[in-house]
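The structure file model.cif is reproduced below (mmCIF, C-alpha atoms).
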data_coords
loop_
_atom_site.label_atom_id
_atom_site.label_comp_id
_atom_site.auth_asym_id
_atom_site.auth_seq_id
_atom_site.Cartn_x
_atom_site.Cartn_y
_atom_site.Cartn_z
CA ARG A 18 -4.24 34.52 5.10
CA ASP A 19 -2.81 37.90 4.32
CA LYS A 20 -3.69 40.08 1.36
CA LYS A 21 -0.07 40.12 0.27
CA ASP A 22 -0.17 36.31 -0.04
CA ASP A 23 -3.11 36.62 -2.44
CA GLU A 24 -1.53 39.39 -4.50
CA GLY A 25 1.90 37.90 -5.10
CA GLU A 26 0.92 34.30 -4.56
CA GLY A 27 3.91 34.15 -2.28
CA ARG A 28 4.02 31.36 0.27
CA PHE A 29 1.00 29.26 -0.77
CA PRO A 30 -0.12 29.68 -4.40
CA PHE A 31 -2.91 27.09 -3.97
CA ARG A 32 -5.54 26.78 -1.26
CA ALA A 33 -7.60 23.67 -0.52
CA ILE A 34 -10.16 22.56 2.04
CA LEU A 35 -9.86 19.05 3.46
CA ASP A 36 -13.08 17.07 3.01
CA VAL A 37 -12.73 13.78 4.87
CA GLY A 38 -16.17 12.50 3.92
CA LEU A 39 -17.10 9.55 6.10
CA ALA A 40 -13.55 8.82 7.26
CA ARG A 41 -13.06 8.87 11.03
CA THR A 42 -11.16 11.93 12.15
CA THR A 43 -9.31 10.63 15.18
CA THR A 44 -6.00 12.12 16.20
CA GLY A 45 -3.20 10.50 14.24
CA ALA A 46 -5.49 9.11 11.50
CA LYS A 47 -3.95 8.49 8.06
CA ILE A 48 -6.03 11.26 6.50
CA PHE A 49 -4.10 13.81 8.57
CA GLY A 50 -0.82 12.33 7.40
CA VAL A 51 -2.00 12.91 3.84
CA MET A 52 -2.96 16.46 4.76
CA LYS A 53 0.50 17.02 6.28
CA GLY A 54 2.08 15.85 3.02
CA VAL A 55 -0.13 18.20 1.03
CA VAL A 56 0.78 21.14 3.28
CA ASP A 57 4.48 20.25 3.06
CA GLY A 58 4.03 20.09 -0.74
CA GLY A 59 3.01 23.76 -0.83
CA ILE A 60 -0.79 23.76 -0.79
CA ALA A 61 -2.50 25.86 1.88
CA VAL A 62 -4.90 23.71 3.89
CA PRO A 63 -6.37 25.35 6.98
CA HIS A 64 -5.53 23.08 9.92
CA LYS A 65 -4.36 22.89 13.49
CA PRO A 66 -1.52 20.61 14.58
CA ASN A 67 -3.68 18.98 17.28
CA ARG A 68 -4.71 16.22 14.84
CA PHE A 69 -1.20 15.09 13.97
CA PRO A 70 0.53 12.21 15.73
CA GLY A 71 2.54 13.66 18.60
CA PHE A 72 -0.07 16.06 19.95
CA ASN A 73 -0.62 15.56 23.68
CA LYS A 74 -4.21 16.47 24.52
CA ALA A 75 -3.60 16.56 28.28
CA LYS A 76 -0.63 18.93 28.07
CA GLY A 77 -1.89 20.80 25.01
CA ASP A 78 1.49 20.71 23.27
CA PHE A 79 2.78 19.21 20.06
CA ASN A 80 5.87 16.94 19.97
CA SER A 81 7.30 17.19 16.46
CA LYS A 82 9.74 14.32 17.13
CA VAL A 83 6.84 11.85 17.23
CA LEU A 84 5.53 13.16 13.89
CA ARG A 85 9.02 12.94 12.38
CA GLU A 86 9.31 9.35 13.60
CA ARG A 87 6.02 8.49 11.87
CA ILE A 88 7.05 10.22 8.64
CA PHE A 89 10.34 8.28 8.50
CA GLY A 90 8.82 4.90 9.37
CA GLY A 91 9.73 4.60 13.04
CA HIS A 92 6.42 2.87 13.75
CA VAL A 93 7.16 0.34 10.99
CA ALA A 94 10.61 -0.37 12.46
CA THR A 95 9.02 -0.92 15.88
CA TRP A 96 6.53 -3.34 14.33
CA MET A 97 9.33 -5.20 12.52
CA LYS A 98 11.25 -5.62 15.80
CA LYS A 99 8.10 -6.86 17.54
CA VAL A 100 7.38 -9.45 14.85
CA ALA A 101 11.02 -10.62 14.89
CA GLU A 102 10.80 -11.16 18.66
CA GLN A 103 7.53 -13.07 18.28
CA LYS A 104 9.13 -15.22 15.61
CA LYS A 105 11.98 -16.12 17.99
CA GLU A 106 9.48 -17.07 20.70
CA ASN A 107 7.16 -19.02 18.42
CA PRO A 108 8.87 -20.18 15.20
CA ASP A 109 5.71 -22.00 14.01
CA GLN A 110 3.91 -18.71 13.59
CA LYS A 111 3.09 -17.72 10.03
CA THR A 112 5.74 -15.08 9.42
CA ASN A 113 7.00 -16.17 6.02
CA GLN A 114 5.97 -12.92 4.34
CA PHE A 115 7.75 -10.97 7.05
CA ALA A 116 10.87 -13.09 6.54
CA LYS A 117 10.90 -12.16 2.84
CA PHE A 118 10.25 -8.50 3.68
CA GLY A 119 12.73 -8.34 6.55
CA ALA A 120 15.51 -10.04 4.60
CA ALA A 121 15.83 -7.04 2.29
CA PHE A 122 16.65 -4.58 5.10
CA LYS A 123 16.80 -4.27 8.86
CA PRO A 124 14.60 -2.06 11.08
CA ALA A 125 17.54 0.28 11.68
CA ASP A 126 17.84 0.89 7.91
CA LEU A 127 14.22 2.00 7.48
CA GLU A 128 14.81 5.71 8.07
CA GLY A 129 17.47 5.78 5.36
CA LEU A 130 15.14 3.92 3.02
CA TYR A 131 12.32 6.40 3.67
CA LYS A 132 14.72 9.32 3.05
CA LYS A 133 15.78 7.80 -0.29
CA VAL A 134 12.13 7.33 -1.28
CA HIS A 135 11.24 10.92 -0.31
CA GLU A 136 14.22 12.22 -2.28
CA ALA A 137 13.25 10.17 -5.34
CA ILE A 138 9.69 11.51 -5.15
CA ARG A 139 10.94 15.09 -4.92
CA LYS A 140 13.28 14.47 -7.86
CA ASP A 141 10.53 13.09 -10.13
CA PRO A 142 6.99 13.28 -8.70
CA THR A 143 5.28 11.83 -11.78
CA LYS A 144 3.54 8.50 -11.25
CA LYS A 145 5.24 5.56 -12.90
CA ALA A 146 3.09 2.90 -14.53
CA ALA A 147 3.62 -0.54 -13.06
CA LYS A 148 4.86 -3.25 -15.38
CA LYS A 149 2.07 -5.65 -16.17
CA ASP A 150 2.60 -9.37 -16.48
CA ASN A 151 -0.31 -9.76 -18.94
CA GLY A 152 -0.80 -13.31 -17.73
CA LYS A 153 2.24 -14.82 -19.40
CA ASN A 154 3.18 -16.86 -16.36
CA ARG A 155 -0.33 -17.65 -15.13
CA LYS A 156 -1.98 -21.03 -15.33
CA ASP A 157 -5.11 -21.25 -17.41
CA TYR A 158 -7.72 -23.38 -15.68
CA SER A 159 -10.49 -22.81 -18.20
CA LYS A 160 -11.51 -25.68 -20.46
CA LYS A 161 -10.30 -25.47 -24.00
CA ARG A 162 -13.12 -25.37 -26.50
CA LEU A 163 -13.16 -28.30 -28.89
CA THR A 164 -13.92 -28.04 -32.58
CA ALA A 165 -16.97 -29.80 -34.05
CA THR A 166 -14.89 -32.65 -35.50
CA GLN A 167 -13.11 -33.18 -32.17
CA ARG A 168 -16.47 -33.34 -30.37
CA ARG A 169 -17.83 -35.86 -32.92
CA ASP A 170 -14.69 -37.99 -32.59
CA ALA A 171 -14.97 -37.91 -28.78
CA VAL A 172 -18.62 -39.02 -28.94
CA ALA A 173 -17.74 -41.79 -31.41
CA ALA A 174 -14.95 -43.00 -29.08
CA LYS A 175 -17.34 -43.05 -26.11
CA ILE A 176 -19.93 -44.99 -28.09
CA LYS A 177 -17.24 -47.44 -29.20
CA THR A 178 -16.05 -48.08 -25.60
CA LEU A 179 -19.65 -48.51 -24.41
CA ARG A 180 -20.38 -51.03 -27.15
CA LYS A 181 -17.23 -52.97 -26.20
CA LYS A 182 -18.30 -53.06 -22.56
CA LEU A 183 -21.80 -54.18 -23.44
CA GLY A 184 -20.48 -56.85 -25.78
CA GLY A 185 -21.73 -55.39 -29.02
CA LYS A 186 -19.98 -54.74 -32.30
#

What do you get writing this file as structure tokens?
Amino acid sequence: RDKKDDEGEGRFPFRAILDVGLARTTTGAKIFGVMKGVVDGGIAVPHKPNRFPGFNKAKGDFNSKVLRERIFGGHVATWMKKVAEQKKENPDQKTNQFAKFGAAFKPADLEGLYKKVHEAIRKDPTKKAAKKDNGKNRKDYSKKRLTATQRRDAVAAKIKTLRKKLGGK
């Protein structure tokens, strides 16, 4: 970091240190994707690109195309294609959730979808609260509590049926 960056708070006005805690720090781990997003968002985090997806340890070079593919969901599109092929081979396989998910869009459309999502986040980065159902459409399996008179009436009915069975009054 240069002194002029500190004085004018030019390129990176904020500086942070990544503390991964107990998370495994393997190359391509999700934590480094988060760090990449933070760096792209304008916070200075000291790092080297050798932890991002696309870094070839043997060659010692970084392929930014692989990282771009991960950012725009290329790995998800590959997975969707793989599951669709497996479904064709074995239709009995439990892929109902995938069928619902895949019906909305095709693997080729994923990059456009990711771009729209990124643009929407840049437009309004505030977190939106999810709409809660508040249990309106849920079944209630708990027993309903009876009032004292209802309990007494139920006991009286049971006694009456027992007396009938036993041949009493």

Which residues of region 59-167 of chain A come within 8 Å of region 33-37 of chain A, and for each one, what is the closest pair of atoms and their distance in Å to one decimal, counting only C-alpha atoms, sorted by chain and residue number, as a tab-separated table?
residue	atom	partner	partner_atom	distance
A:Ile60	CA	A:Ala33	CA	6.8
A:Ala61	CA	A:Ala33	CA	6.0
A:Val62	CA	A:Ala33	CA	5.2
A:Pro63	CA	A:Ile34	CA	6.8

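Picture a line from CA of Gly38 (chain A) to CA of Phe79 (chain A); it runs 25.8 Å.
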
I'd like to see the residues matched by the PyMOL selection byres ((chain A and resi 44) around 7) on this file, and ideally I'd get them as a ChimeraX atom specification. /A:42-43,45-46,68-70

Dump C-alpha atoms for the selected residues as a CSV table (one decimal), in the coordinates of the input?
chain,number,residue,atom,x,y,z
A,42,THR,CA,-11.2,11.9,12.2
A,43,THR,CA,-9.3,10.6,15.2
A,45,GLY,CA,-3.2,10.5,14.2
A,46,ALA,CA,-5.5,9.1,11.5
A,68,ARG,CA,-4.7,16.2,14.8
A,69,PHE,CA,-1.2,15.1,14.0
A,70,PRO,CA,0.5,12.2,15.7

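Nearest-residue note for Glu128 (chain A): choosing from A:Arg41, A:Lys181, A:Arg32, A:Arg87, the minimum distance belongs to A:Arg87, counting all atoms listed in the file.
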
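For the atom pair formed by CA of Arg139 (chain A) and CA of Gly71 (chain A), the distance is 25.0 Å, given to one decimal.
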
Would you translate the PyMOL selection byres ((chain A and resi 91-95) around 10) into the concrete set of residues it matches in this file, as a short mmCIF file (atom, residue, chain, number, x, y, z; two decimals) with C-alpha atoms, in the frame of the given file?
data_model
loop_
_atom_site.label_atom_id
_atom_site.label_comp_id
_atom_site.auth_asym_id
_atom_site.auth_seq_id
_atom_site.Cartn_x
_atom_site.Cartn_y
_atom_site.Cartn_z
CA VAL A 83 6.84 11.85 17.23
CA LEU A 84 5.53 13.16 13.89
CA ARG A 85 9.02 12.94 12.38
CA GLU A 86 9.31 9.35 13.60
CA ARG A 87 6.02 8.49 11.87
CA ILE A 88 7.05 10.22 8.64
CA PHE A 89 10.34 8.28 8.50
CA GLY A 90 8.82 4.90 9.37
CA TRP A 96 6.53 -3.34 14.33
CA MET A 97 9.33 -5.20 12.52
CA LYS A 98 11.25 -5.62 15.80
CA LYS A 99 8.10 -6.86 17.54
CA VAL A 100 7.38 -9.45 14.85
CA ALA A 101 11.02 -10.62 14.89
CA LYS A 123 16.80 -4.27 8.86
CA PRO A 124 14.60 -2.06 11.08
CA ALA A 125 17.54 0.28 11.68
CA ASP A 126 17.84 0.89 7.91
CA LEU A 127 14.22 2.00 7.48
CA GLU A 128 14.81 5.71 8.07
CA TYR A 131 12.32 6.40 3.67
#

Around all the atoms of region 150-154 of chain A listed in the file, draw an axis-aligned box and extend it by 6 Å on each of the six sides; I want its centre and edge lengths in Å to one decimal, as JSON.
{"center_x": 1.2, "center_y": -13.1, "center_z": -17.9, "size_x": 16.0, "size_y": 19.5, "size_z": 15.0}

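Distance-wise, CA of Phe49 (chain A) and CA of Lys65 (chain A) end up 10.3 Å apart.
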